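Structure, as structure tokens:
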Amino acid sequence: MRFKTTSLVAGLLATASCMVPVVQAAPLDVNQDNLYFLSPHPDDILLTFGGLINKLSKEGTLAQKTNVTEVYFSLSNYTTNHLNELTNKRVFDVSTMRYKEDFEAHIKMFSKWDHFRYKTAGFYDAPLRKYEGSPTAGGGPAGTFSDFRQDEVGIYERIAADVTPILKQDNCAAFVLLANGSHIDHFIVREAVMKAAHDLGAEAKCQIYFGEDQPYTGSNPDNAMDEVNSIQARLPANAITPMTFWIDKQQKIDSFKEFYLSQYDLGYIPPLESTDYETIYKWDKTTYSALQSHAHCQSAYCNLQ
């Protein structure tokens with residue numbers, strides 16, 4: 001779905017008008033030396049944070065940082081010509097193809113193979129878990145805590161444990177997708193990171209930034225603030241600060257076309273073309289422990305005390 005591209009100023013005004021609980025936009029201040037990009041799937045970091053990474057690279061600061069990408073759902077059966085055949089060969093071919101696509105894209109994003117560390121957790125993506133939910137704008141299945149089965153509970157708890165030592169680090173920034181569109185795998189990663197931050201409280205030194213999932217956000221501009229506002233509603237006032245910055249939009253689109261053959265869909269292009277900027281949302285570290293439970297949490301595993 002195509003919609004009119006707005007200017008940066010107009011976009012900020014429109015955003016501010018629909019996010020009353022969130023403070024006004026602030027300048028970009030990603031000055032930490034240790035950057036962690038916590039990705040649900042191969043391709044999500046380019047699509048959501050590709051503009052930011054390219055901006056930092058052009059400014060000459062990225063190569064001096066320690067950059068780590070962790071992809072959680074790295075065993076996959078999903079391609080845009082999706083065939084729900086869970087054979088050994090197909091799972092192997094799709095998983096290795098997506099790894100290769102993402103690793104090659106990372107070399108381009110970070111300029112050199114030794115400018116980043118690429119990790120995979122090996123969790124099964126939603127199709128491999130035989131998870132079913134209403135379709136998102138990007139084609140994946142949606143869900144929240146009310147849709148969790150034991151498979152999702154186990155993954156959620158393990159990701160929270162995995163990110164805990166990351167969040168304890170000084171001079172650290174962790175980039176997490178907002179879960180715009182409510183893709184179940186995106187939701188699991190976001191909520192697991194938030195749980196880890198809450199449980200650590202003052203022990204958490206790492207700054208968390210949320211990014212707007214693409215193409216979900218561009219496909220649904222009227223709902224772009226839904227997840228930001230839902231998170232802010234669980235926190236003290238003004239805990240979330242937006243930071244909006246110009247990006248090289250064409251560079252992101254060209255990289256997606258060049259590397260992600262298994263995921264390429266013409267429907268992704270209009271949302272990516274619809275904006276000349278990215279927005280990330282800074283979560284005030286002093287409010288990590290004040291986070292309240294998600295509205296759909298009805299079980300002890302996700303209840304935040």
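By order of appearance in the structure tokens: chains A, B, ..., then residues from 1 within every chain, and ligands from 1 in the order shown.
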
What's around segment 23-39 of chain A at 8 Å? Count only C-alpha atoms, leave out sequence neighbours fewer than 5 positions away in its own chain, and write the answer as an mmCIF file with C-alpha atoms, in the first residue's frame.
data_model
loop_
_atom_site.group_PDB
_atom_site.id
_atom_site.type_symbol
_atom_site.label_atom_id
_atom_site.label_comp_id
_atom_site.auth_asym_id
_atom_site.auth_seq_id
_atom_site.Cartn_x
_atom_site.Cartn_y
_atom_site.Cartn_z
ATOM 1 C CA LEU A 12 7.519 14.876 13.442
ATOM 2 C CA ALA A 16 3.849 14.215 18.123
ATOM 3 C CA ASP A 44 15.157 -7.318 10.259
ATOM 4 C CA ILE A 45 18.268 -5.302 11.127
ATOM 5 C CA GLN A 64 35.597 2.144 15.938
ATOM 6 C CA LYS A 65 32.677 0.547 17.781
ATOM 7 C CA THR A 66 32.138 -3.049 18.857
ATOM 8 C CA ASN A 67 29.128 -4.125 16.804
ATOM 9 C CA VAL A 68 27.237 -7.335 17.555
ATOM 10 C CA THR A 69 24.132 -8.661 15.824
ATOM 11 C CA GLU A 70 22.257 -11.549 17.405
ATOM 12 C CA VAL A 71 19.558 -13.210 15.284
ATOM 13 C CA TYR A 72 17.225 -15.241 17.474
ATOM 14 C CA ASN A 171 28.933 2.079 27.456
ATOM 15 C CA CYS A 172 26.399 -0.124 25.671
ATOM 16 C CA ALA A 173 23.390 0.379 23.385
ATOM 17 C CA ALA A 174 20.875 -2.363 22.562
ATOM 18 C CA PHE A 175 18.607 -1.922 19.534
ATOM 19 C CA VAL A 176 15.303 -3.791 19.600
ATOM 20 C CA LEU A 177 12.341 -3.817 17.218
ATOM 21 C CA VAL A 189 12.166 -10.649 21.400
ATOM 22 C CA ASN A 238 8.045 10.680 29.465
ATOM 23 C CA ALA A 239 10.044 7.443 29.707
ATOM 24 C CA ILE A 240 10.227 7.107 25.895
ATOM 25 C CA THR A 241 11.961 9.749 23.754
ATOM 26 C CA PRO A 242 11.787 9.654 19.920
ATOM 27 C CA MET A 243 14.862 10.482 17.822
ATOM 28 C CA THR A 244 14.285 11.065 14.122
ATOM 29 C CA PHE A 245 17.063 11.393 11.531
#

Counting only C-alpha atoms, what is within 12 Å of Ser299 of chain A, bar same-chain residues fewer than 5 positions away, as a PyMOL selection string? chain A and resi 145-150+153+293-294+304

Nearest residue to Phe110 of chain A out of A:Leu75, A:Ile231, A:Ile53, A:Ala161, using only C-alpha atoms?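 The closest residue to Phe110 of chain A is A:Ile53.
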
Ala233 of chain A environment, 10 Å, only C-alpha atoms, sequence neighbours closer than 2 positions dropped, as a PyMOL selection string: chain A and resi 21-22+227-231+235-239+291-292+294

For segment 87-151 of chain A against segment 251-258 of chain A, with a cut-off of 9 Å and counting only C-alpha atoms, what is the closest atom pair and its distance in Å to one decimal for every residue that makes the cut, ordered by chain and number, as CSV?
residue,atom,partner,partner_atom,distance
A:Ala105,CA,A:Ser255,CA,7.0
A:Lys108,CA,A:Ser255,CA,8.3
A:Met109,CA,A:Ser255,CA,8.7

Calculate how many Å separate atom CA of Asp265 of chain A from atom CA of Tyr78 of chain A, rounding to one decimal. 12.6 Å

For Ile184 of chain A, work out the shell of residues within 6 Å, counting only C-alpha atoms and skipping chain neighbours fewer than 3 positions away, then give it as a VMD selection string. chain A and resid 142 to 143 187

I need the residues of segment 8-251 of chain A that end up classed as strand (DSSP E) by DSSP on the backbone, written out as a ChimeraX atom specification. /A:34-39,66-71,117-120,172-177,207-211,240-246

Restricting the output to N, CA, C and O atoms, write the selected residues as a short mmCIF file (atom, residue, chain, number, x, y, z; two decimals), in the first residue's frame.
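Result file selection07.cif:
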data_model
loop_
_atom_site.label_atom_id
_atom_site.label_comp_id
_atom_site.auth_asym_id
_atom_site.auth_seq_id
_atom_site.Cartn_x
_atom_site.Cartn_y
_atom_site.Cartn_z
N ASN A 34 29.69 0.13 22.44
CA ASN A 34 29.31 -1.27 22.26
C ASN A 34 27.86 -1.33 21.82
O ASN A 34 26.95 -1.04 22.61
N LEU A 35 27.65 -1.70 20.55
CA LEU A 35 26.31 -1.69 19.96
C LEU A 35 25.83 -3.12 19.74
O LEU A 35 26.54 -3.93 19.13
N TYR A 36 24.63 -3.41 20.21
CA TYR A 36 24.02 -4.73 20.06
C TYR A 36 22.70 -4.57 19.29
O TYR A 36 21.81 -3.84 19.72
N PHE A 37 22.61 -5.25 18.16
CA PHE A 37 21.40 -5.25 17.36
C PHE A 37 20.72 -6.60 17.55
O PHE A 37 21.23 -7.63 17.11
N LEU A 38 19.60 -6.59 18.25
CA LEU A 38 18.92 -7.82 18.66
C LEU A 38 17.77 -8.08 17.70
O LEU A 38 16.72 -7.44 17.77
N SER A 39 17.97 -9.02 16.79
CA SER A 39 17.10 -9.19 15.63
C SER A 39 16.24 -10.44 15.76
O SER A 39 16.76 -11.51 16.05
N THR A 66 32.33 -1.61 18.83
CA THR A 66 32.14 -3.05 18.86
C THR A 66 30.69 -3.31 18.49
O THR A 66 29.78 -2.92 19.22
N ASN A 67 30.47 -3.92 17.33
CA ASN A 67 29.13 -4.13 16.80
C ASN A 67 28.78 -5.61 16.82
O ASN A 67 29.52 -6.43 16.27
N VAL A 68 27.67 -5.94 17.46
CA VAL A 68 27.24 -7.33 17.55
C VAL A 68 25.79 -7.43 17.10
O VAL A 68 24.93 -6.67 17.56
N THR A 69 25.51 -8.34 16.19
CA THR A 69 24.13 -8.66 15.82
C THR A 69 23.83 -10.07 16.31
O THR A 69 24.60 -10.99 16.06
N GLU A 70 22.71 -10.22 17.02
CA GLU A 70 22.26 -11.55 17.40
C GLU A 70 20.90 -11.79 16.77
O GLU A 70 19.95 -11.03 17.01
N VAL A 71 20.80 -12.84 15.95
CA VAL A 71 19.56 -13.21 15.28
C VAL A 71 18.96 -14.39 16.04
O VAL A 71 19.57 -15.45 16.12
N ARG A 117 30.35 -8.70 14.84
CA ARG A 117 30.26 -10.10 15.23
C ARG A 117 28.82 -10.55 15.02
O ARG A 117 27.89 -9.90 15.50
N TYR A 118 28.65 -11.64 14.33
CA TYR A 118 27.32 -12.12 13.95
C TYR A 118 27.02 -13.40 14.71
O TYR A 118 27.76 -14.38 14.62
N LYS A 119 25.92 -13.38 15.49
CA LYS A 119 25.55 -14.53 16.30
C LYS A 119 24.15 -15.00 15.90
O LYS A 119 23.31 -14.19 15.51
N THR A 120 23.92 -16.29 16.01
CA THR A 120 22.57 -16.82 15.81
C THR A 120 22.22 -17.72 16.99
O THR A 120 23.06 -18.47 17.49
N CYS A 172 27.06 0.87 26.52
CA CYS A 172 26.40 -0.12 25.67
C CYS A 172 25.07 0.42 25.18
O CYS A 172 24.37 1.15 25.90
N ALA A 173 24.71 0.08 23.94
CA ALA A 173 23.39 0.38 23.39
C ALA A 173 22.82 -0.90 22.79
O ALA A 173 23.51 -1.62 22.07
N ALA A 174 21.56 -1.19 23.10
CA ALA A 174 20.87 -2.36 22.56
C ALA A 174 19.69 -1.88 21.72
O ALA A 174 18.86 -1.11 22.20
N PHE A 175 19.64 -2.34 20.48
CA PHE A 175 18.61 -1.92 19.53
C PHE A 175 17.62 -3.07 19.34
O PHE A 175 18.01 -4.18 18.97
N VAL A 176 16.35 -2.78 19.58
CA VAL A 176 15.30 -3.79 19.60
C VAL A 176 14.14 -3.31 18.75
O VAL A 176 13.81 -2.11 18.77
N LEU A 177 13.50 -4.21 18.02
CA LEU A 177 12.34 -3.82 17.22
C LEU A 177 11.12 -3.62 18.11
O LEU A 177 10.92 -4.33 19.09
N GLN A 207 21.89 1.11 27.33
CA GLN A 207 20.78 1.93 26.86
C GLN A 207 19.99 1.19 25.79
O GLN A 207 20.55 0.76 24.78
N ILE A 208 18.68 1.04 25.98
CA ILE A 208 17.81 0.36 25.03
C ILE A 208 17.15 1.38 24.11
O ILE A 208 16.61 2.39 24.57
N TYR A 209 17.21 1.09 22.81
CA TYR A 209 16.52 1.88 21.80
C TYR A 209 15.57 0.96 21.04
O TYR A 209 15.95 -0.15 20.65
N PHE A 210 14.35 1.41 20.82
CA PHE A 210 13.39 0.67 20.01
C PHE A 210 13.38 1.23 18.59
O PHE A 210 13.45 2.45 18.40
N GLY A 211 13.25 0.35 17.60
CA GLY A 211 13.17 0.78 16.21
C GLY A 211 11.84 0.40 15.59
O GLY A 211 11.19 -0.58 16.01
N ILE A 240 9.83 7.42 27.27
CA ILE A 240 10.23 7.11 25.90
C ILE A 240 10.44 8.40 25.12
O ILE A 240 9.55 9.26 25.07
N THR A 241 11.63 8.55 24.52
CA THR A 241 11.96 9.75 23.75
C THR A 241 12.25 9.38 22.30
O THR A 241 13.14 8.57 22.04
N PRO A 242 11.51 9.94 21.33
CA PRO A 242 11.79 9.65 19.92
C PRO A 242 12.99 10.44 19.40
O PRO A 242 13.22 11.58 19.81
N MET A 243 13.74 9.83 18.51
CA MET A 243 14.86 10.48 17.82
C MET A 243 14.73 10.19 16.34
O MET A 243 14.79 9.03 15.92
N THR A 244 14.54 11.22 15.55
CA THR A 244 14.29 11.07 14.12
C THR A 244 15.45 11.66 13.33
O THR A 244 15.95 12.73 13.66
N PHE A 245 15.88 10.97 12.27
CA PHE A 245 17.06 11.39 11.53
C PHE A 245 16.92 10.99 10.07
O PHE A 245 16.28 9.99 9.74
N TRP A 246 17.51 11.80 9.21
CA TRP A 246 17.51 11.51 7.78
C TRP A 246 18.34 10.27 7.50
O TRP A 246 19.34 10.01 8.16
#

Go ahead and compute the interatomic distance for atom CA of Met194 of chain A and atom CA of Leu47 of chain A, in Å to one decimal.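 Taking atom CA of Met194 of chain A as the start and atom CA of Leu47 of chain A as the end point, the length is 21.5 Å.
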
Using only C-alpha atoms, tabulate the residues of segment 219-261 of chain A lying at most 9 Å from any atom of segment 95-104 of chain A, each with its closest atom pair and that distance in Å to one decimal, by chain and increasing residue number, as a Markdown table.
| residue | atom | partner | partner_atom | distance |
| --- | --- | --- | --- | --- |
| A:Phe259 | CA | A:Glu101 | CA | 5.3 |
| A:Tyr260 | CA | A:Glu101 | CA | 5.6 |
| A:Leu261 | CA | A:Glu101 | CA | 7.6 |

Go ahead and write the selection's residues with N, CA and C atoms as a CSV table (one decimal), in the first residue's frame.
chain,number,residue,atom,x,y,z
A,259,PHE,N,20.5,-8.3,-1.6
A,259,PHE,CA,20.9,-9.5,-0.8
A,259,PHE,C,19.8,-10.4,-0.4
A,260,TYR,N,18.6,-9.9,-0.2
A,260,TYR,CA,17.6,-10.8,0.4
A,260,TYR,C,16.6,-11.4,-0.7
A,261,LEU,N,17.2,-12.3,-1.5
A,261,LEU,CA,16.4,-12.9,-2.6
A,261,LEU,C,15.3,-13.7,-2.0

Members of segment 125-169 of chain A assigned alpha helix (DSSP H) by DSSP, as a PDB file with N, CA and C atoms, in the first residue's frame:
ATOM      1  N   GLN A 150       3.525 -23.313  25.171  1.00  0.00           N
ATOM      2  CA  GLN A 150       4.735 -23.580  25.940  1.00  0.00           C
ATOM      3  C   GLN A 150       5.986 -23.319  25.112  1.00  0.00           C
ATOM      4  N   ASP A 151       5.919 -23.533  23.793  1.00  0.00           N
ATOM      5  CA  ASP A 151       7.063 -23.249  22.928  1.00  0.00           C
ATOM      6  C   ASP A 151       7.476 -21.785  23.036  1.00  0.00           C
ATOM      7  N   GLU A 152       6.483 -20.883  22.965  1.00  0.00           N
ATOM      8  CA  GLU A 152       6.784 -19.457  23.012  1.00  0.00           C
ATOM      9  C   GLU A 152       7.264 -19.042  24.408  1.00  0.00           C
ATOM     10  N   VAL A 153       6.686 -19.632  25.444  1.00  0.00           N
ATOM     11  CA  VAL A 153       7.112 -19.324  26.814  1.00  0.00           C
ATOM     12  C   VAL A 153       8.583 -19.675  26.999  1.00  0.00           C
ATOM     13  N   GLY A 154       8.976 -20.862  26.555  1.00  0.00           N
ATOM     14  CA  GLY A 154      10.360 -21.294  26.709  1.00  0.00           C
ATOM     15  C   GLY A 154      11.338 -20.389  25.985  1.00  0.00           C
ATOM     16  N   ILE A 155      10.995 -19.989  24.756  1.00  0.00           N
ATOM     17  CA  ILE A 155      11.882 -19.110  23.985  1.00  0.00           C
ATOM     18  C   ILE A 155      11.987 -17.741  24.649  1.00  0.00           C
ATOM     19  N   TYR A 156      10.860 -17.216  25.073  1.00  0.00           N
ATOM     20  CA  TYR A 156      10.814 -15.915  25.759  1.00  0.00           C
ATOM     21  C   TYR A 156      11.734 -15.916  26.977  1.00  0.00           C
ATOM     22  N   GLU A 157      11.673 -16.952  27.789  1.00  0.00           N
ATOM     23  CA  GLU A 157      12.488 -17.015  29.001  1.00  0.00           C
ATOM     24  C   GLU A 157      13.961 -17.173  28.671  1.00  0.00           C
ATOM     25  N   ARG A 158      14.268 -17.916  27.629  1.00  0.00           N
ATOM     26  CA  ARG A 158      15.675 -18.123  27.262  1.00  0.00           C
ATOM     27  C   ARG A 158      16.291 -16.871  26.653  1.00  0.00           C
ATOM     28  N   ILE A 159      15.516 -16.115  25.868  1.00  0.00           N
ATOM     29  CA  ILE A 159      16.039 -14.862  25.314  1.00  0.00           C
ATOM     30  C   ILE A 159      16.273 -13.851  26.433  1.00  0.00           C
ATOM     31  N   ALA A 160      15.346 -13.780  27.396  1.00  0.00           N
ATOM     32  CA  ALA A 160      15.537 -12.874  28.528  1.00  0.00           C
ATOM     33  C   ALA A 160      16.831 -13.200  29.271  1.00  0.00           C
ATOM     34  N   ALA A 161      17.098 -14.485  29.466  1.00  0.00           N
ATOM     35  CA  ALA A 161      18.341 -14.885  30.125  1.00  0.00           C
ATOM     36  C   ALA A 161      19.556 -14.551  29.271  1.00  0.00           C
ATOM     37  N   ASP A 162      19.417 -14.690  27.954  1.00  0.00           N
ATOM     38  CA  ASP A 162      20.526 -14.433  27.034  1.00  0.00           C
ATOM     39  C   ASP A 162      20.928 -12.958  27.024  1.00  0.00           C
ATOM     40  N   VAL A 163      19.961 -12.057  27.093  1.00  0.00           N
ATOM     41  CA  VAL A 163      20.288 -10.628  26.988  1.00  0.00           C
ATOM     42  C   VAL A 163      20.680 -10.025  28.327  1.00  0.00           C
ATOM     43  N   THR A 164      20.454 -10.727  29.414  1.00  0.00           N
ATOM     44  CA  THR A 164      20.764 -10.173  30.731  1.00  0.00           C
ATOM     45  C   THR A 164      22.217  -9.724  30.857  1.00  0.00           C
ATOM     46  N   PRO A 165      23.216 -10.542  30.495  1.00  0.00           N
ATOM     47  CA  PRO A 165      24.601 -10.053  30.603  1.00  0.00           C
ATOM     48  C   PRO A 165      24.916  -8.895  29.658  1.00  0.00           C
ATOM     49  N   ILE A 166      24.226  -8.837  28.522  1.00  0.00           N
ATOM     50  CA  ILE A 166      24.411  -7.695  27.617  1.00  0.00           C
ATOM     51  C   ILE A 166      23.975  -6.411  28.306  1.00  0.00           C
ATOM     52  N   LEU A 167      22.810  -6.445  28.927  1.00  0.00           N
ATOM     53  CA  LEU A 167      22.253  -5.245  29.538  1.00  0.00           C
ATOM     54  C   LEU A 167      23.037  -4.782  30.756  1.00  0.00           C
TER      55      LEU A 167
END

What separation in Å, quoted to one decimal, exists between atom CA of Gly201 of chain A and atom CA of Ala290 of chain A?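 A separation of 8.2 Å between them.
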
Counting only C-alpha atoms, which residue out of A:Met225, A:Leu62, A:Ala202, A:Ala192 sits closest to Asn303 of chain A?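 Counting only C-alpha atoms, the residue closest to Asn303 of chain A is A:Ala192.
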